[in-house]
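Dumped start.pdb below, it's PDB, C-alpha atoms:
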ATOM      1  CA  MET Z1453      33.135  23.643   8.948  1.00  0.00           C
ATOM      2  CA  ARG Z1454      30.746  21.288  10.737  1.00  0.00           C
ATOM      3  CA  GLU Z1455      27.557  20.344   8.916  1.00  0.00           C
ATOM      4  CA  GLU Z1456      24.517  18.298   9.810  1.00  0.00           C
ATOM      5  CA  ILE Z1457      21.597  17.282   7.607  1.00  0.00           C
ATOM      6  CA  LYS Z1458      18.472  15.812   9.165  1.00  0.00           C
ATOM      7  CA  GLY Z1459      15.446  14.258   7.516  1.00  0.00           C
ATOM      8  CA  LEU Z1460      12.356  15.744   9.158  1.00  0.00           C
ATOM      9  CA  PHE Z1461       9.058  13.846   9.164  1.00  0.00           C
ATOM     10  CA  PRO Z1462      10.127  10.859   7.065  1.00  0.00           C
ATOM     11  CA  THR Z1463       7.433   8.802   5.314  1.00  0.00           C
ATOM     12  CA  PRO Z1464       7.348   5.165   6.485  1.00  0.00           C
ATOM     13  CA  LEU Z1465       7.496   2.352   3.954  1.00  0.00           C
ATOM     14  CA  TYR Z1466       7.010  -0.992   5.702  1.00  0.00           C
ATOM     15  CA  LYS Z1467       7.827  -4.331   4.050  1.00  0.00           C
ATOM     16  CA  SER Z1468       7.207  -7.866   5.199  1.00  0.00           C
ATOM     17  CA  ILE Z1469       6.985 -11.282   3.582  1.00  0.00           C
ATOM     18  CA  LEU Z1470       4.439 -14.067   3.817  1.00  0.00           C
ATOM     19  CA  GLU Z1471       6.347 -17.238   4.651  1.00  0.00           C
ATOM     20  CA  ARG Z1472       4.185 -19.493   2.496  1.00  0.00           C
ATOM     21  CA  LYS Z1473       2.799 -19.769  -1.019  1.00  0.00           C
ATOM     22  CA  LEU Z1474      -0.863 -19.181  -1.693  1.00  0.00           C
ATOM     23  CA  THR Z1475      -2.891 -22.372  -1.764  1.00  0.00           C
ATOM     24  CA  SER Z1476      -4.566 -23.690  -4.901  1.00  0.00           C
ATOM     25  CA  LYS Z1477      -7.926 -22.786  -3.295  1.00  0.00           C
ATOM     26  CA  GLU Z1478      -6.814 -19.170  -2.779  1.00  0.00           C
ATOM     27  CA  LEU Z1479      -5.436 -18.897  -6.315  1.00  0.00           C
ATOM     28  CA  LYS Z1480      -8.564 -20.458  -7.796  1.00  0.00           C
ATOM     29  CA  PHE Z1481     -10.710 -17.912  -5.968  1.00  0.00           C
ATOM     30  CA  LEU Z1482      -8.623 -15.015  -7.304  1.00  0.00           C
ATOM     31  CA  ASP Z1483      -8.801 -16.378 -10.843  1.00  0.00           C
ATOM     32  CA  SER Z1484     -12.600 -16.631 -10.554  1.00  0.00           C
ATOM     33  CA  LEU Z1485     -13.077 -12.931  -9.756  1.00  0.00           C
ATOM     34  CA  ASP Z1486     -14.813 -10.657 -12.265  1.00  0.00           C
ATOM     35  CA  LEU Z1487     -12.415  -7.930 -13.387  1.00  0.00           C
ATOM     36  CA  LEU Z1488     -13.347  -4.383 -14.362  1.00  0.00           C
ATOM     37  CA  ASP Z1489     -11.433  -1.775 -16.318  1.00  0.00           C
ATOM     38  CA  ASN Z1490      -9.617   0.494 -13.851  1.00  0.00           C
ATOM     39  CA  GLU Z1491      -8.471   3.251 -16.219  1.00  0.00           C
ATOM     40  CA  PHE Z1492      -5.193   1.596 -17.292  1.00  0.00           C
ATOM     41  CA  ASN Z1493      -5.350  -1.885 -15.736  1.00  0.00           C
ATOM     42  CA  LEU Z1494      -7.928  -4.287 -14.271  1.00  0.00           C
ATOM     43  CA  SER Z1495      -9.355  -4.568 -10.742  1.00  0.00           C
ATOM     44  CA  SER Z1496     -11.831  -6.975  -9.211  1.00  0.00           C
ATOM     45  CA  GLN Z1497     -15.457  -5.939  -9.094  1.00  0.00           C
ATOM     46  CA  ASN Z1498     -15.509  -7.295  -5.548  1.00  0.00           C
ATOM     47  CA  SER Z1499     -13.718  -4.741  -3.358  1.00  0.00           C
ATOM     48  CA  TYR Z1500     -13.900  -6.826  -0.173  1.00  0.00           C
ATOM     49  CA  ILE Z1501     -12.069  -9.946  -1.297  1.00  0.00           C
ATOM     50  CA  LEU Z1502     -10.143 -10.450   1.966  1.00  0.00           C
ATOM     51  CA  HIS Z1503     -13.504 -10.783   3.718  1.00  0.00           C
ATOM     52  CA  GLU Z1504     -14.394 -13.780   1.542  1.00  0.00           C
ATOM     53  CA  GLN Z1505     -14.063 -17.272   3.022  1.00  0.00           C
ATOM     54  CA  PRO Z1506     -11.304 -18.545   0.637  1.00  0.00           C
ATOM     55  CA  LEU Z1507      -8.991 -15.684   1.731  1.00  0.00           C
ATOM     56  CA  LYS Z1508      -9.755 -15.676   5.481  1.00  0.00           C
ATOM     57  CA  LYS Z1509      -6.352 -17.173   6.380  1.00  0.00           C
ATOM     58  CA  LEU Z1510      -4.523 -14.682   4.164  1.00  0.00           C
ATOM     59  CA  LYS Z1511      -6.479 -11.845   5.780  1.00  0.00           C
ATOM     60  CA  ARG Z1512      -5.415 -12.986   9.267  1.00  0.00           C
ATOM     61  CA  GLU Z1513      -1.772 -13.102   8.161  1.00  0.00           C
ATOM     62  CA  ILE Z1514      -1.962  -9.626   6.618  1.00  0.00           C
ATOM     63  CA  GLU Z1515      -3.633  -8.324   9.808  1.00  0.00           C
ATOM     64  CA  ILE Z1516      -0.554  -9.427  11.781  1.00  0.00           C
ATOM     65  CA  VAL Z1517       1.606  -7.310   9.465  1.00  0.00           C
ATOM     66  CA  VAL Z1518      -0.801  -4.348   9.803  1.00  0.00           C
ATOM     67  CA  ASN Z1519      -0.721  -4.626  13.604  1.00  0.00           C
ATOM     68  CA  ASN Z1520       3.088  -4.644  13.559  1.00  0.00           C
ATOM     69  CA  TYR Z1521       3.058  -1.486  11.411  1.00  0.00           C
ATOM     70  CA  PHE Z1522       0.845   0.276  13.953  1.00  0.00           C
ATOM     71  CA  LYS Z1523       2.912  -0.917  16.933  1.00  0.00           C
ATOM     72  CA  GLN Z1524       6.288   0.038  15.429  1.00  0.00           C
ATOM     73  CA  ILE Z1525       5.442   3.162  13.425  1.00  0.00           C
ATOM     74  CA  ILE Z1526       2.283   4.804  14.778  1.00  0.00           C
ATOM     75  CA  CYS Z1527       2.812   3.651  18.404  1.00  0.00           C
ATOM     76  CA  PRO Z1528      -0.726   4.587  19.523  1.00  0.00           C
ATOM     77  CA  ALA Z1529      -1.342   5.557  23.144  1.00  0.00           C
ATOM     78  CA  ASP Z1530      -5.096   5.392  22.561  1.00  0.00           C
ATOM     79  CA  PRO Z1531      -7.060   2.105  22.643  1.00  0.00           C
ATOM     80  CA  ILE Z1532      -7.500   1.690  18.898  1.00  0.00           C
ATOM     81  CA  ILE Z1533      -7.554  -1.358  16.657  1.00  0.00           C
ATOM     82  CA  PRO Z1534      -6.622  -1.215  12.960  1.00  0.00           C
ATOM     83  CA  TYR Z1535      -8.803  -3.184  10.584  1.00  0.00           C
ATOM     84  CA  ILE Z1536      -8.882  -3.866   6.859  1.00  0.00           C
ATOM     85  CA  THR Z1537     -11.724  -2.056   5.120  1.00  0.00           C
ATOM     86  CA  GLU Z1538     -11.648  -2.568   1.350  1.00  0.00           C
ATOM     87  CA  SER Z1539      -9.483  -5.071  -0.522  1.00  0.00           C
ATOM     88  CA  TRP Z1540      -9.322  -5.861  -4.212  1.00  0.00           C
ATOM     89  CA  TYR Z1541      -7.415  -7.853  -6.806  1.00  0.00           C
ATOM     90  CA  ASN Z1542      -5.293  -6.012  -9.411  1.00  0.00           C
ATOM     91  CA  VAL Z1543      -4.165  -7.432 -12.738  1.00  0.00           C
ATOM     92  CA  THR Z1544      -1.844  -5.403 -14.951  1.00  0.00           C
ATOM     93  CA  LYS Z1545      -1.529  -7.120 -18.306  1.00  0.00           C
ATOM     94  CA  PRO Z1546       1.380  -6.592 -20.730  1.00  0.00           C
ATOM     95  CA  ASN Z1547       1.414  -2.985 -21.981  1.00  0.00           C
ATOM     96  CA  GLN Z1548      -0.878  -1.870 -19.150  1.00  0.00           C
ATOM     97  CA  LYS Z1549       0.062   0.300 -16.170  1.00  0.00           C
ATOM     98  CA  HIS Z1550      -1.440   1.513 -12.908  1.00  0.00           C
ATOM     99  CA  HIS Z1551      -2.183   5.247 -12.856  1.00  0.00           C
ATOM    100  CA  ARG Z1552      -0.833   7.636 -10.228  1.00  0.00           C
ATOM    101  CA  HIS Z1553      -3.250   7.786  -7.305  1.00  0.00           C
ATOM    102  CA  LYS Z1554      -3.730   7.725  -3.528  1.00  0.00           C
ATOM    103  CA  HIS Z1555      -6.349   6.109  -1.278  1.00  0.00           C
ATOM    104  CA  PRO Z1556      -8.873   8.493   0.342  1.00  0.00           C
ATOM    105  CA  ASN Z1557     -10.842   7.572   3.489  1.00  0.00           C
ATOM    106  CA  SER Z1558      -8.032   5.344   4.696  1.00  0.00           C
ATOM    107  CA  ILE Z1559      -5.112   5.703   7.120  1.00  0.00           C
ATOM    108  CA  VAL Z1560      -2.738   3.018   5.854  1.00  0.00           C
ATOM    109  CA  SER Z1561      -2.770   1.190   2.520  1.00  0.00           C
ATOM    110  CA  GLY Z1562      -0.992  -1.951   1.489  1.00  0.00           C
ATOM    111  CA  VAL Z1563      -0.281  -4.336  -1.351  1.00  0.00           C
ATOM    112  CA  PHE Z1564       0.370  -8.070  -1.303  1.00  0.00           C
ATOM    113  CA  TYR Z1565       2.273  -9.198  -4.412  1.00  0.00           C
ATOM    114  CA  LEU Z1566       1.607 -12.435  -6.240  1.00  0.00           C
ATOM    115  CA  THR Z1567       4.170 -11.622  -8.951  1.00  0.00           C
ATOM    116  CA  PRO Z1568       7.306  -9.447  -9.114  1.00  0.00           C
ATOM    117  CA  ALA Z1569       6.613  -5.740  -9.560  1.00  0.00           C
ATOM    118  CA  THR Z1570       8.037  -2.283  -9.057  1.00  0.00           C
ATOM    119  CA  ILE Z1571       5.936   0.365  -7.345  1.00  0.00           C
ATOM    120  CA  PHE Z1572       6.694   4.069  -7.680  1.00  0.00           C
ATOM    121  CA  PHE Z1573       5.993   6.616  -4.942  1.00  0.00           C
ATOM    122  CA  HIS Z1574       5.551  10.294  -5.723  1.00  0.00           C
ATOM    123  CA  LYS Z1575       6.117  13.427  -3.683  1.00  0.00           C
ATOM    124  CA  ASN Z1576       3.219  15.875  -3.607  1.00  0.00           C
ATOM    125  CA  LEU Z1577       4.512  18.825  -5.591  1.00  0.00           C
ATOM    126  CA  ASP Z1578       2.999  22.076  -4.337  1.00  0.00           C
ATOM    127  CA  SER Z1579       5.809  24.392  -5.414  1.00  0.00           C
ATOM    128  CA  VAL Z1580       5.588  26.466  -8.596  1.00  0.00           C
ATOM    129  CA  ILE Z1581       9.390  26.594  -8.722  1.00  0.00           C
ATOM    130  CA  GLU Z1582      11.156  23.675 -10.374  1.00  0.00           C
ATOM    131  CA  ILE Z1583      14.932  23.442 -10.147  1.00  0.00           C
ATOM    132  CA  ASP Z1584      16.667  20.873 -12.338  1.00  0.00           C
ATOM    133  CA  LYS Z1585      18.916  18.588 -10.331  1.00  0.00           C
ATOM    134  CA  LYS Z1586      22.522  17.738 -11.076  1.00  0.00           C
ATOM    135  CA  THR Z1587      22.392  14.725  -8.714  1.00  0.00           C
ATOM    136  CA  PHE Z1588      19.493  13.210  -6.801  1.00  0.00           C
ATOM    137  CA  ASN Z1589      19.259  12.421  -3.087  1.00  0.00           C
ATOM    138  CA  HIS Z1590      16.537  11.663  -0.525  1.00  0.00           C
ATOM    139  CA  PHE Z1591      15.788  15.361  -0.081  1.00  0.00           C
ATOM    140  CA  ASN Z1592      15.472  16.603  -3.665  1.00  0.00           C
ATOM    141  CA  THR Z1593      13.907  13.696  -5.542  1.00  0.00           C
ATOM    142  CA  ASP Z1594      10.175  13.637  -6.224  1.00  0.00           C
ATOM    143  CA  THR Z1595       9.957   9.891  -7.038  1.00  0.00           C
ATOM    144  CA  PHE Z1596      11.122   6.722  -5.303  1.00  0.00           C
ATOM    145  CA  PHE Z1597      10.629   3.153  -6.435  1.00  0.00           C
ATOM    146  CA  GLU Z1598      10.599  -0.161  -4.627  1.00  0.00           C
ATOM    147  CA  ASN Z1599      11.056  -3.610  -6.183  1.00  0.00           C
ATOM    148  CA  LEU Z1600       8.823  -6.322  -4.749  1.00  0.00           C
ATOM    149  CA  GLU Z1601       8.924 -10.091  -5.040  1.00  0.00           C
ATOM    150  CA  PRO Z1602       6.077 -12.618  -4.826  1.00  0.00           C
ATOM    151  CA  ASN Z1603       4.637 -12.964  -1.294  1.00  0.00           C
ATOM    152  CA  GLU Z1604       5.956  -9.571  -0.179  1.00  0.00           C
ATOM    153  CA  ILE Z1605       3.643  -7.116   1.552  1.00  0.00           C
ATOM    154  CA  ILE Z1606       4.199  -3.371   1.546  1.00  0.00           C
ATOM    155  CA  LEU Z1607       2.417  -0.808   3.766  1.00  0.00           C
ATOM    156  CA  PHE Z1608       2.462   2.994   3.506  1.00  0.00           C
ATOM    157  CA  PRO Z1609       0.372   6.042   4.476  1.00  0.00           C
ATOM    158  CA  SER Z1610      -2.757   6.167   2.317  1.00  0.00           C
ATOM    159  CA  ASP Z1611      -2.161   9.762   1.212  1.00  0.00           C
ATOM    160  CA  LEU Z1612       1.153   8.814  -0.426  1.00  0.00           C
ATOM    161  CA  GLU Z1613       0.693   8.884  -4.194  1.00  0.00           C
ATOM    162  CA  HIS Z1614       1.908   5.817  -6.074  1.00  0.00           C
ATOM    163  CA  SER Z1615       1.823   4.216  -9.514  1.00  0.00           C
ATOM    164  CA  VAL Z1616       3.087   1.278 -11.568  1.00  0.00           C
ATOM    165  CA  LYS Z1617       4.800   1.816 -14.920  1.00  0.00           C
ATOM    166  CA  ILE Z1618       3.894   0.003 -18.129  1.00  0.00           C
ATOM    167  CA  ASN Z1619       4.242  -3.758 -17.861  1.00  0.00           C
ATOM    168  CA  THR Z1620       6.880  -4.676 -20.432  1.00  0.00           C
ATOM    169  CA  ASN Z1621       6.855  -8.368 -19.474  1.00  0.00           C
ATOM    170  CA  LEU Z1622       4.945 -11.135 -21.231  1.00  0.00           C
ATOM    171  CA  ASP Z1623       3.115 -12.101 -18.018  1.00  0.00           C
ATOM    172  CA  SER Z1624       0.519 -10.127 -16.089  1.00  0.00           C
ATOM    173  CA  ARG Z1625       1.400  -8.470 -12.793  1.00  0.00           C
ATOM    174  CA  LYS Z1626      -0.937  -9.574 -10.008  1.00  0.00           C
ATOM    175  CA  SER Z1627      -1.494  -8.130  -6.548  1.00  0.00           C
ATOM    176  CA  ILE Z1628      -4.033  -7.658  -3.770  1.00  0.00           C
ATOM    177  CA  ALA Z1629      -4.427  -4.083  -2.551  1.00  0.00           C
ATOM    178  CA  PHE Z1630      -6.144  -3.108   0.700  1.00  0.00           C
ATOM    179  CA  ASN Z1631      -6.972  -0.158   2.923  1.00  0.00           C
ATOM    180  CA  VAL Z1632      -6.828   0.087   6.710  1.00  0.00           C
ATOM    181  CA  PHE Z1633      -8.823   2.255   9.118  1.00  0.00           C
ATOM    182  CA  ILE Z1634      -9.190   2.189  12.917  1.00  0.00           C
ATOM    183  CA  THR Z1635     -11.853   1.501  15.499  1.00  0.00           C
ATOM    184  CA  GLY Z1636     -11.749   2.489  19.167  1.00  0.00           C
ATOM    185  CA  THR Z1637     -11.342   5.752  21.061  1.00  0.00           C
ATOM    186  CA  LEU Z1638      -9.020   8.629  20.213  1.00  0.00           C
ATOM    187  CA  GLY Z1639      -8.020  11.287  22.715  1.00  0.00           C
ATOM    188  CA  THR Z1640      -9.476  12.097  26.119  1.00  0.00           C
ATOM    189  CA  LYS Z1641     -12.470  14.063  27.357  1.00  0.00           C
ATOM    190  CA  SER Z1642     -10.253  16.175  29.631  1.00  0.00           C
ATOM    191  CA  LYS Z1643      -8.434  17.587  26.585  1.00  0.00           C
ATOM    192  CA  LEU Z1644     -11.703  18.071  24.656  1.00  0.00           C
ATOM    193  CA  LYS Z1645     -10.599  15.793  21.835  1.00  0.00           C
ATOM    194  CA  LYS Z1646     -12.230  12.474  22.649  1.00  0.00           C
ATOM    195  CA  LEU Z1647     -13.577  10.619  19.603  1.00  0.00           C
ATOM    196  CA  LYS Z1648     -15.139   7.171  19.467  1.00  0.00           C
ATOM    197  CA  ILE Z1649     -14.857   5.500  16.085  1.00  0.00           C
TER     198      ILE Z1649
END
Would you kindly transcribe this structure into structure tokens?
Amino acid sequence: MREEIKGLFPTPLYKSILERKLTSKELKFLDSLDLLDNEFNLSSQNSYILHEQPLKKLKREIEIVVNNYFKQIICPADPIIPYITESWYNVTKPNQKHHRHKHPNSIVSGVFYLTPATIFFHKNLDSVIEIDKKTFNHFNTDTFFENLEPNEIILFPSDLEHSVKINTNLDSRKSIAFNVFITGTLGTKSKLKKLKI
């Protein structure tokens, strides 16, 4: 018997690495940020940190990664330009975690890691039927995880739910999260779907 299994509409998970360490000026700026309680961990009060002068070079380097994501995954035919909207600093201390969430009002989200971490991605569960699994595969699992090292950048669709489990290490986990939207023109007037953003 011949069989074929296809994965329809896969979710992209894009990884890249920054080929340098953060400078002392960049690290000093991050350490100077005021942190607020973010339910189970801490986030910077400033939610536009990549727009600040000390992180301008880092922002440009992340923008290159974002542009590559759009070129290779979205492949837009329309004249659009992705740009970073919000960006913030996350600190997850020992015994803290990062709650399950997604990023509204954004197309693509990303994280730049300053320390090692594991991020978990969750399938949106709309079914009322739950079948216990004997073995797990890409089609029946509802959670995936990805291990990240310092200087790695990860990008994913903003509606993909994700979380970080309790930090069992003695050191804090540190990362910069950011959202991406687009500017430009979508569609054409002839098809009655032209939109300028």
Counting all atoms listed in the file, I want the residues whose atoms come within 10 Å of (10.8, 13.6, -10.4) in the file frame, returned as a PyMOL selection string. chain Z and resi 1574-1575+1577+1584-1585+1588+1592-1596
Fewer than 4 positions away in the same chain doesn't count, so skip those; otherwise give me all residues within 7 Å of Leu1607 of chain Z, counting all atoms listed in the file, as a list in words. Leu1465, Tyr1466, Lys1467, Val1560, Ser1561, Gly1562 and Val1563 of chain Z
At a cut-off of 10 Å, using all atoms listed in the file, what residues contact segment 1511-1522 of chain Z? Leave out same-chain residues fewer than 5 positions from it and give the result as a PyMOL selection string. chain Z and resi 1464-1471+1501-1506+1527-1528+1532-1536+1539+1560-1564+1605-1608+1630+1632
Selection dump of the PyMOL selection byres ((chain Z and resi 1499) around 12), as a list in words: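 Selected by the PyMOL selection byres ((chain Z and resi 1499) around 12) here: Leu1485, Asp1486, Leu1487, Leu1488, Ser1495, Ser1496, Gln1497, Asn1498, Tyr1500, Ile1501, Leu1502, His1503, Glu1504, Ile1536, Thr1537, Glu1538, Ser1539, Trp1540, Tyr1541, Asn1542, Ile1628, Ala1629, Phe1630 and Asn1631 of chain Z.
Only residues having an atom at most 10 Å from (-7.9, 5.9, 21.6) are included; using all atoms listed in the file, these are Pro1528, Ala1529, Asp1530, Pro1531, Ile1532, Ile1533, Ile1634, Thr1635, Gly1636, Thr1637, Leu1638, Gly1639, Thr1640, Lys1646, Leu1647, Lys1648 and Ile1649 of chain Z.
Shortest atom-to-atom contact with Phe1492 of chain Z among Z:Ile1581, Z:Val1616, Z:Leu1474, Z:Ile1525: Z:Val1616, counting only C-alpha atoms.
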Can you put N, CA, C and O atoms back into segment 1495-1515 of chain Z and show it as a compact mmCIF listing (two decimals), in the frame of the given file?
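File produced: part23.txt:
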# COMPACT_ATOMS: atom_id res chain seq x y z
N SER Z 1495 -9.16 -4.33 -12.17
CA SER Z 1495 -9.36 -4.57 -10.74
C SER Z 1495 -10.63 -5.38 -10.55
O SER Z 1495 -11.56 -5.29 -11.35
N SER Z 1496 -10.66 -6.14 -9.46
CA SER Z 1496 -11.83 -6.98 -9.21
C SER Z 1496 -13.06 -6.12 -8.92
O SER Z 1496 -12.96 -5.06 -8.28
N GLN Z 1497 -14.19 -6.61 -9.39
CA GLN Z 1497 -15.46 -5.94 -9.09
C GLN Z 1497 -15.74 -6.01 -7.59
O GLN Z 1497 -16.26 -5.08 -7.00
N ASN Z 1498 -15.37 -7.12 -6.99
CA ASN Z 1498 -15.51 -7.30 -5.55
C ASN Z 1498 -14.38 -6.52 -4.85
O ASN Z 1498 -13.20 -6.81 -5.07
N SER Z 1499 -14.74 -5.54 -4.04
CA SER Z 1499 -13.72 -4.74 -3.36
C SER Z 1499 -13.61 -5.09 -1.87
O SER Z 1499 -13.15 -4.27 -1.06
N TYR Z 1500 -14.04 -6.32 -1.54
CA TYR Z 1500 -13.90 -6.83 -0.17
C TYR Z 1500 -13.41 -8.27 -0.20
O TYR Z 1500 -13.87 -9.12 0.56
N ILE Z 1501 -12.45 -8.55 -1.06
CA ILE Z 1501 -12.07 -9.95 -1.30
C ILE Z 1501 -11.43 -10.61 -0.08
O ILE Z 1501 -11.57 -11.82 0.10
N LEU Z 1502 -10.75 -9.84 0.78
CA LEU Z 1502 -10.14 -10.45 1.97
C LEU Z 1502 -11.18 -10.83 3.02
O LEU Z 1502 -10.87 -11.52 3.98
N HIS Z 1503 -12.42 -10.39 2.83
CA HIS Z 1503 -13.50 -10.78 3.72
C HIS Z 1503 -14.18 -12.07 3.25
O HIS Z 1503 -15.04 -12.61 3.95
N GLU Z 1504 -13.80 -12.56 2.09
CA GLU Z 1504 -14.39 -13.78 1.54
C GLU Z 1504 -13.74 -15.01 2.18
O GLU Z 1504 -12.54 -15.00 2.48
N GLN Z 1505 -14.52 -16.06 2.33
CA GLN Z 1505 -14.06 -17.27 3.02
C GLN Z 1505 -12.74 -17.85 2.47
O GLN Z 1505 -11.86 -18.21 3.25
N PRO Z 1506 -12.56 -17.94 1.14
CA PRO Z 1506 -11.30 -18.55 0.64
C PRO Z 1506 -10.04 -17.78 1.02
O PRO Z 1506 -8.95 -18.34 1.00
N LEU Z 1507 -10.18 -16.49 1.39
CA LEU Z 1507 -8.99 -15.68 1.73
C LEU Z 1507 -8.93 -15.32 3.21
O LEU Z 1507 -8.14 -14.46 3.61
N LYS Z 1508 -9.72 -15.99 4.04
CA LYS Z 1508 -9.76 -15.68 5.48
C LYS Z 1508 -8.39 -15.86 6.14
O LYS Z 1508 -7.95 -15.04 6.95
N LYS Z 1509 -7.67 -16.93 5.79
CA LYS Z 1509 -6.35 -17.17 6.38
C LYS Z 1509 -5.37 -16.10 5.94
O LYS Z 1509 -4.60 -15.58 6.75
N LEU Z 1510 -5.40 -15.74 4.67
CA LEU Z 1510 -4.52 -14.68 4.16
C LEU Z 1510 -4.83 -13.37 4.87
O LEU Z 1510 -3.91 -12.63 5.24
N LYS Z 1511 -6.10 -13.07 5.08
CA LYS Z 1511 -6.48 -11.84 5.78
C LYS Z 1511 -5.88 -11.82 7.18
O LYS Z 1511 -5.33 -10.80 7.61
N ARG Z 1512 -5.98 -12.93 7.91
CA ARG Z 1512 -5.42 -12.99 9.27
C ARG Z 1512 -3.91 -12.74 9.25
O ARG Z 1512 -3.37 -12.05 10.12
N GLU Z 1513 -3.22 -13.28 8.26
CA GLU Z 1513 -1.77 -13.10 8.16
C GLU Z 1513 -1.42 -11.65 7.81
O GLU Z 1513 -0.45 -11.10 8.35
N ILE Z 1514 -2.19 -11.04 6.95
CA ILE Z 1514 -1.96 -9.63 6.62
C ILE Z 1514 -2.27 -8.75 7.82
O ILE Z 1514 -1.57 -7.75 8.08
N GLU Z 1515 -3.29 -9.10 8.61
CA GLU Z 1515 -3.63 -8.32 9.81
C GLU Z 1515 -2.49 -8.32 10.81
O GLU Z 1515 -2.27 -7.31 11.50
